[in-house]
$ cat structure33.pdb   # PDB, C-alpha atoms
ATOM      1  CA  MET A   1       0.000   0.000   0.000
ATOM      2  CA  GLY A   2       1.411   3.402  -0.974
ATOM      3  CA  ILE A   3       1.712   6.232   1.509
ATOM      4  CA  GLU A   4      -1.063   8.221  -0.143
ATOM      5  CA  GLN A   5      -3.414   5.263   0.188
ATOM      6  CA  PHE A   6      -2.356   4.804   3.810
ATOM      7  CA  ILE A   7      -3.088   8.460   4.647
ATOM      8  CA  ASP A   8      -6.362   8.347   2.750
ATOM      9  CA  ASN A   9      -7.461   5.287   4.726
ATOM     10  CA  GLU A  10      -6.490   6.825   8.052
ATOM     11  CA  VAL A  11      -8.338  10.121   7.569
ATOM     12  CA  LYS A  12     -11.446   8.305   6.344
ATOM     13  CA  ALA A  13     -11.438   5.509   8.915
ATOM     14  CA  ASN A  14     -11.074   7.857  11.918
ATOM     15  CA  ASP A  15     -13.330  10.799  12.798
ATOM     16  CA  ILE A  16     -10.402  12.965  13.861
ATOM     17  CA  VAL A  17      -6.793  12.460  12.844
ATOM     18  CA  LEU A  18      -3.882  14.622  13.904
ATOM     19  CA  PHE A  19      -0.628  14.318  11.982
ATOM     20  CA  MET A  20       1.904  15.559  14.466
ATOM     21  CA  LYS A  21       5.459  15.480  15.721
ATOM     22  CA  GLY A  22       5.509  13.140  18.686
ATOM     23  CA  THR A  23       2.470  11.527  20.273
ATOM     24  CA  PRO A  24      -0.593  12.969  22.042
ATOM     25  CA  GLN A  25       0.998  11.796  25.303
ATOM     26  CA  GLN A  26       4.354  13.334  24.402
ATOM     27  CA  PRO A  27       4.285  16.023  21.706
ATOM     28  CA  MET A  28       7.749  16.814  20.366
ATOM     29  CA  CYS A  29       6.864  20.226  18.972
ATOM     30  CA  GLY A  30       5.081  23.211  20.453
ATOM     31  CA  PHE A  31       2.706  23.590  17.517
ATOM     32  CA  SER A  32       1.666  19.946  17.666
ATOM     33  CA  GLY A  33       1.297  20.299  21.433
ATOM     34  CA  GLN A  34      -1.102  23.224  21.031
ATOM     35  CA  ILE A  35      -3.519  21.202  18.919
ATOM     36  CA  VAL A  36      -3.271  18.287  21.351
ATOM     37  CA  GLN A  37      -4.232  20.665  24.166
ATOM     38  CA  ILE A  38      -7.205  21.990  22.227
ATOM     39  CA  LEU A  39      -8.485  18.523  21.328
ATOM     40  CA  ASP A  40      -8.015  17.304  24.887
ATOM     41  CA  TYR A  41      -9.789  20.368  26.218
ATOM     42  CA  LEU A  42     -12.719  19.663  23.916
ATOM     43  CA  GLY A  43     -12.700  16.073  25.103
ATOM     44  CA  VAL A  44     -12.969  14.579  21.633
ATOM     45  CA  PRO A  45     -11.349  11.268  20.699
ATOM     46  CA  TYR A  46      -8.700  11.454  18.000
ATOM     47  CA  LYS A  47      -5.920   9.463  16.472
ATOM     48  CA  GLY A  48      -2.420  10.908  16.536
ATOM     49  CA  LEU A  49       0.018   9.879  13.829
ATOM     50  CA  ASN A  50       3.654  10.650  14.544
ATOM     51  CA  VAL A  51       5.451  11.868  11.424
ATOM     52  CA  LEU A  52       8.779  11.568  13.235
ATOM     53  CA  ASP A  53       8.337   7.796  13.020
ATOM     54  CA  SER A  54       8.369   7.847   9.249
ATOM     55  CA  ASP A  55       9.967  10.203   6.799
ATOM     56  CA  GLU A  56       7.674   8.759   4.148
ATOM     57  CA  LEU A  57       4.642   9.768   6.204
ATOM     58  CA  ARG A  58       6.133  13.194   6.956
ATOM     59  CA  GLN A  59       6.651  13.975   3.269
ATOM     60  CA  GLY A  60       3.532  12.106   2.167
ATOM     61  CA  VAL A  61       1.106  14.080   4.296
ATOM     62  CA  LYS A  62       2.512  17.385   3.009
ATOM     63  CA  VAL A  63       1.809  16.290  -0.542
ATOM     64  CA  TYR A  64      -1.567  14.745   0.329
ATOM     65  CA  SER A  65      -2.810  17.982   1.931
ATOM     66  CA  ASN A  66      -0.861  20.427  -0.235
ATOM     67  CA  TRP A  67       0.303  21.891   3.053
ATOM     68  CA  PRO A  68       3.993  22.461   3.850
ATOM     69  CA  THR A  69       4.028  21.992   7.605
ATOM     70  CA  VAL A  70       3.037  19.635  10.405
ATOM     71  CA  PRO A  71       0.796  19.481  12.490
ATOM     72  CA  GLN A  72      -2.238  18.912  10.311
ATOM     73  CA  LEU A  73      -5.738  18.237  11.574
ATOM     74  CA  TYR A  74      -8.337  16.182   9.711
ATOM     75  CA  VAL A  75     -12.006  15.853  10.691
ATOM     76  CA  LYS A  76     -14.090  13.226   8.889
ATOM     77  CA  GLY A  77     -11.636  13.100   6.025
ATOM     78  CA  GLU A  78     -11.541  16.860   5.562
ATOM     79  CA  PHE A  79      -8.381  18.893   6.095
ATOM     80  CA  VAL A  80      -9.162  21.567   8.691
ATOM     81  CA  GLY A  81      -5.768  23.239   8.943
ATOM     82  CA  GLY A  82      -2.503  23.576  10.783
ATOM     83  CA  CYS A  83      -1.806  25.047  14.186
ATOM     84  CA  ASP A  84      -2.635  28.683  13.351
ATOM     85  CA  ILE A  85      -5.990  27.923  11.749
ATOM     86  CA  VAL A  86      -7.051  25.403  14.384
ATOM     87  CA  ARG A  87      -6.225  27.815  17.196
ATOM     88  CA  GLU A  88      -8.014  30.678  15.460
ATOM     89  CA  MET A  89     -11.080  28.493  14.881
ATOM     90  CA  PHE A  90     -11.035  27.257  18.468
ATOM     91  CA  GLN A  91     -10.907  30.790  19.838
ATOM     92  CA  ALA A  92     -13.779  31.853  17.582
ATOM     93  CA  ASN A  93     -15.815  28.790  18.613
ATOM     94  CA  GLU A  94     -15.783  27.695  14.969
ATOM     95  CA  LEU A  95     -13.916  24.469  15.648
ATOM     96  CA  GLN A  96     -16.501  23.450  18.222
ATOM     97  CA  GLN A  97     -19.254  24.221  15.696
ATOM     98  CA  LEU A  98     -17.479  22.291  12.940
ATOM     99  CA  LEU A  99     -17.167  19.236  15.169
ATOM    100  CA  LYS A 100     -20.821  19.442  16.158
ATOM    101  CA  ASP A 101     -21.864  19.853  12.540
ATOM    102  CA  LYS A 102     -19.896  16.711  11.751
ATOM    103  CA  GLY A 103     -21.713  14.849  14.513
ATOM    104  CA  ILE A 104     -18.845  14.769  17.008
ATOM    105  CA  PRO A 105     -19.996  15.856  20.486
ATOM    106  CA  VAL A 106     -17.718  18.220  22.389
ATOM    107  CA  LYS A 107     -17.708  18.717  26.141
ATOM    108  CA  ALA A 108     -20.293  21.188  27.391
ATOM    109  CA  ALA A 109     -17.558  22.924  29.378
ATOM    110  CA  ALA A 110     -15.922  23.813  26.092
ATOM    111  CA  GLN A 111     -18.701  26.225  25.182
ATOM    112  CA  ALA A 112     -17.193  29.670  25.328
TER     113      ALA A 112
ATOM    114  CA  MET B   1      19.545  30.093   7.579
ATOM    115  CA  PRO B   2      17.686  33.247   8.608
ATOM    116  CA  MET B   3      15.545  35.183   6.219
ATOM    117  CA  ASP B   4      14.846  38.888   5.973
ATOM    118  CA  ALA B   5      11.296  40.051   6.772
ATOM    119  CA  GLY B   6      11.307  42.313   3.730
ATOM    120  CA  GLU B   7      12.057  39.333   1.525
ATOM    121  CA  ILE B   8       9.053  37.462   2.921
ATOM    122  CA  GLU B   9       6.812  40.431   2.198
ATOM    123  CA  ARG B  10       8.238  40.750  -1.320
ATOM    124  CA  LEU B  11       7.571  37.073  -2.095
ATOM    125  CA  ILE B  12       4.000  37.261  -0.789
ATOM    126  CA  LYS B  13       3.243  40.403  -2.789
ATOM    127  CA  ALA B  14       4.739  38.894  -5.920
ATOM    128  CA  ARG B  15       2.054  36.205  -5.717
ATOM    129  CA  ILE B  16      -0.753  38.297  -4.184
ATOM    130  CA  PRO B  17      -0.159  41.878  -5.402
ATOM    131  CA  ASP B  18      -3.086  43.462  -3.540
ATOM    132  CA  ALA B  19      -2.072  41.944  -0.223
ATOM    133  CA  GLU B  20      -1.538  44.027   2.856
ATOM    134  CA  VAL B  21       1.305  42.287   4.647
ATOM    135  CA  THR B  22       2.407  42.774   8.249
ATOM    136  CA  ILE B  23       5.374  40.804   9.522
ATOM    137  CA  ARG B  24       6.703  40.500  13.034
ATOM    138  CA  ASP B  25       9.991  38.890  13.966
ATOM    139  CA  LEU B  26       8.847  36.914  16.993
ATOM    140  CA  VAL B  27      12.125  36.339  18.787
ATOM    141  CA  GLY B  28      14.491  38.587  16.877
ATOM    142  CA  ASP B  29      16.492  35.776  15.301
ATOM    143  CA  GLY B  30      15.310  36.293  11.720
ATOM    144  CA  ASP B  31      13.925  32.782  11.780
ATOM    145  CA  HIS B  32      10.569  32.842  13.551
ATOM    146  CA  TYR B  33       8.030  35.196  12.055
ATOM    147  CA  ALA B  34       4.353  35.969  12.391
ATOM    148  CA  ALA B  35       2.675  37.294   9.281
ATOM    149  CA  THR B  36      -0.745  38.800   8.780
ATOM    150  CA  VAL B  37      -1.892  38.884   5.187
ATOM    151  CA  ILE B  38      -5.055  40.756   4.262
ATOM    152  CA  SER B  39      -6.252  40.635   0.671
ATOM    153  CA  PRO B  40      -9.508  41.205  -1.209
ATOM    154  CA  SER B  41      -8.590  38.183  -3.332
ATOM    155  CA  PHE B  42      -9.138  35.966  -0.280
ATOM    156  CA  ARG B  43     -12.849  36.717  -0.328
ATOM    157  CA  GLY B  44     -14.932  33.574  -0.647
ATOM    158  CA  LYS B  45     -11.963  31.332   0.110
ATOM    159  CA  SER B  46     -11.642  29.098   3.146
ATOM    160  CA  ARG B  47      -8.865  29.720   5.639
ATOM    161  CA  VAL B  48      -7.045  26.672   4.320
ATOM    162  CA  GLN B  49      -7.214  28.035   0.770
ATOM    163  CA  GLN B  50      -6.029  31.463   1.926
ATOM    164  CA  HIS B  51      -3.044  29.986   3.719
ATOM    165  CA  GLN B  52      -2.264  27.764   0.754
ATOM    166  CA  LEU B  53      -1.967  30.854  -1.447
ATOM    167  CA  VAL B  54       0.539  32.384   0.952
ATOM    168  CA  TYR B  55       2.453  29.122   1.230
ATOM    169  CA  GLU B  56       2.583  28.936  -2.562
ATOM    170  CA  ALA B  57       4.201  32.354  -2.610
ATOM    171  CA  LEU B  58       6.829  31.143  -0.164
ATOM    172  CA  ARG B  59       7.091  27.675  -1.656
ATOM    173  CA  GLU B  60      10.842  27.079  -1.648
ATOM    174  CA  GLN B  61      11.368  28.919   1.616
ATOM    175  CA  MET B  62       8.849  27.139   3.814
ATOM    176  CA  GLY B  63      10.504  24.589   6.050
ATOM    177  CA  GLY B  64      13.893  25.553   4.631
ATOM    178  CA  ALA B  65      15.225  29.085   4.961
ATOM    179  CA  LEU B  66      12.031  30.006   6.727
ATOM    180  CA  HIS B  67      11.760  27.834   9.788
ATOM    181  CA  ALA B  68       8.570  29.052  11.381
ATOM    182  CA  LEU B  69       5.856  31.348  10.125
ATOM    183  CA  ALA B  70       2.750  31.879  12.175
ATOM    184  CA  LEU B  71       0.143  32.918   9.687
ATOM    185  CA  GLN B  72      -3.112  34.798   9.901
ATOM    186  CA  THR B  73      -5.111  35.732   6.829
ATOM    187  CA  GLY B  74      -8.271  37.641   6.138
ATOM    188  CA  VAL B  75     -10.178  39.967   3.860
ATOM    189  CA  PRO B  76     -10.312  43.750   4.333
ATOM    190  CA  GLU B  77     -13.139  45.141   6.465
ATOM    191  CA  ALA B  78     -15.971  46.241   4.238
TER     192      ALA B  78
END
$ encode --input "structure33.pdb" --output "structure tokens"
Amino acid sequence: MGIEQFIDNEVKANDIVLFMKGTPQQPMCGFSGQIVQILDYLGVPYKGLNVLDSDELRQGVKVYSNWPTVPQLYVKGEFVGGCDIVREMFQANELQQLLKDKGIPVKAAAQA
Amino acid sequence: MPMDAGEIERLIKARIPDAEVTIRDLVGDGDHYAATVISPSFRGKSRVQQHQLVYEALREQMGGALHALALQTGVPEA
């Protein structure tokens, strides 16, 4: 299976996928860590994929998304953005709305 | 390898001529920048699409000469 097929499967098989440096338990980059904090705060389940484990994955996801940096957040197969966009959306309550619209419940405490 | 803020602005404007570009050097090392790019041409585009346009302008530099660029985009206030 090629890397593109692998990525395609992952983002379609999981409601929320975060391509990141490190793991949700141990982020290895401040930008990845910020998205982990946001997702944890919202209390939504997600799958973290560590691009530091695989150079093929690291390069592959940049091509797949046409996006030059990691982290990258996917919701229901759709690319939502990198750290800047996700943080901006979270602060504007748009991320919470997007998740709800996609049928993913967020914690009530997360309502700003 | 650090990169000059003026060069970043020049590259963005080469791709998006009507852009209003503001760049801040976050830690003063010429390597970590925050850029705000406002352009009428962003209207009707998603945030991802807006950022992709800026990244296209900086294609060779992203991840290389330019280590970190915090990016915010938008359209001018009506």
$ interface_residues --input "structure33.pdb" --of "chain B" --to "chain A" --cutoff "10 Å" --atoms "all atoms listed in the file" --output "JSON, numbers by chain"
{"B": [46, 47, 48, 49, 51, 52, 55, 56, 58, 59, 60, 62, 63, 67, 68, 69, 70, 71, 72, 73]}
$ residues_near_point --input "structure33.pdb" --point "(-10.6, 28.7, 23.5)" --cutoff "10 Å" --atoms "all atoms listed in the file" --output "PyMOL selection string"
chain A and resi 38+41-42+87-93+95-96+110-112
$ atom_distance --input "structure33.pdb" --atom1 "CA of Phe19 in chain A" --atom2 "CA of Leu98 in chain A"
18.7 Å
$ residues_around --input "structure33.pdb" --residues "Gly2 in chain A" --least-positions-apart "2" --cutoff "12 Å" --atoms "all atoms listed in the file" --output "MDAnalysis selection string"
chainID A and resid 4:9 56:57 60:61 64
$ residues_near_point --input "structure33.pdb" --point "(-9.1, 14.1, 21.2)" --cutoff "12 Å" --atoms "all atoms listed in the file" --output "ChimeraX atom specification"
/A:14-18,23-25,35-48,73-75,99,104-107
$ atom_distance --input "structure33.pdb" --atom1 "CA of Glu77 in chain B" --atom2 "CA of Glu20 in chain B"
12.2 Å
$ residues_around --input "structure33.pdb" --residues "Val51 in chain A" --least-positions-apart "6" --cutoff "6 Å" --atoms "all atoms listed in the file" --output "PyMOL selection string"
chain A and resi 20-21+57-58
$ atom_distance --input "structure33.pdb" --atom1 "CA of Asp25 in chain B" --atom2 "CA of Leu66 in chain B"
11.6 Å
$ closest_residue --input "structure33.pdb" --among "A:Lys102, A:Gly77, A:Gln26, A:Gln34" --to "Glu10 in chain A" --atoms "only C-alpha atoms"
A:Gly77
$ resolve_selection --input "structure33.pdb" --expression "the PyMOL selection byres ((chain B and resi 37) around 12)" --output "VMD selection string"
chain B and resid 8 to 9 12 to 13 15 to 24 34 to 36 38 to 42 47 50 to 55 57 69 to 76
$ closest_residue --input "structure33.pdb" --among "A:Leu52, A:Lys62, A:Pro71, A:Glu78" --to "Gly22 in chain A" --atoms "all atoms listed in the file"
A:Leu52
$ decode --input "structure33.pdb" --residues "range 38-74 of chain A" --atoms "C-alpha atoms" --output "PDB file, in the first residue's frame"
ATOM      1  CA  ILE A  38      -7.205  21.990  22.227  1.00  0.00           C
ATOM      2  CA  LEU A  39      -8.485  18.523  21.328  1.00  0.00           C
ATOM      3  CA  ASP A  40      -8.015  17.304  24.887  1.00  0.00           C
ATOM      4  CA  TYR A  41      -9.789  20.368  26.218  1.00  0.00           C
ATOM      5  CA  LEU A  42     -12.719  19.663  23.916  1.00  0.00           C
ATOM      6  CA  GLY A  43     -12.700  16.073  25.103  1.00  0.00           C
ATOM      7  CA  VAL A  44     -12.969  14.579  21.633  1.00  0.00           C
ATOM      8  CA  PRO A  45     -11.349  11.268  20.699  1.00  0.00           C
ATOM      9  CA  TYR A  46      -8.700  11.454  18.000  1.00  0.00           C
ATOM     10  CA  LYS A  47      -5.920   9.463  16.472  1.00  0.00           C
ATOM     11  CA  GLY A  48      -2.420  10.908  16.536  1.00  0.00           C
ATOM     12  CA  LEU A  49       0.018   9.879  13.829  1.00  0.00           C
ATOM     13  CA  ASN A  50       3.654  10.650  14.544  1.00  0.00           C
ATOM     14  CA  VAL A  51       5.451  11.868  11.424  1.00  0.00           C
ATOM     15  CA  LEU A  52       8.779  11.568  13.235  1.00  0.00           C
ATOM     16  CA  ASP A  53       8.337   7.796  13.020  1.00  0.00           C
ATOM     17  CA  SER A  54       8.369   7.847   9.249  1.00  0.00           C
ATOM     18  CA  ASP A  55       9.967  10.203   6.799  1.00  0.00           C
ATOM     19  CA  GLU A  56       7.674   8.759   4.148  1.00  0.00           C
ATOM     20  CA  LEU A  57       4.642   9.768   6.204  1.00  0.00           C
ATOM     21  CA  ARG A  58       6.133  13.194   6.956  1.00  0.00           C
ATOM     22  CA  GLN A  59       6.651  13.975   3.269  1.00  0.00           C
ATOM     23  CA  GLY A  60       3.532  12.106   2.167  1.00  0.00           C
ATOM     24  CA  VAL A  61       1.106  14.080   4.296  1.00  0.00           C
ATOM     25  CA  LYS A  62       2.512  17.385   3.009  1.00  0.00           C
ATOM     26  CA  VAL A  63       1.809  16.290  -0.542  1.00  0.00           C
ATOM     27  CA  TYR A  64      -1.567  14.745   0.329  1.00  0.00           C
ATOM     28  CA  SER A  65      -2.810  17.982   1.931  1.00  0.00           C
ATOM     29  CA  ASN A  66      -0.861  20.427  -0.235  1.00  0.00           C
ATOM     30  CA  TRP A  67       0.303  21.891   3.053  1.00  0.00           C
ATOM     31  CA  PRO A  68       3.993  22.461   3.850  1.00  0.00           C
ATOM     32  CA  THR A  69       4.028  21.992   7.605  1.00  0.00           C
ATOM     33  CA  VAL A  70       3.037  19.635  10.405  1.00  0.00           C
ATOM     34  CA  PRO A  71       0.796  19.481  12.490  1.00  0.00           C
ATOM     35  CA  GLN A  72      -2.238  18.912  10.311  1.00  0.00           C
ATOM     36  CA  LEU A  73      -5.738  18.237  11.574  1.00  0.00           C
ATOM     37  CA  TYR A  74      -8.337  16.182   9.711  1.00  0.00           C
TER      38      TYR A  74
END
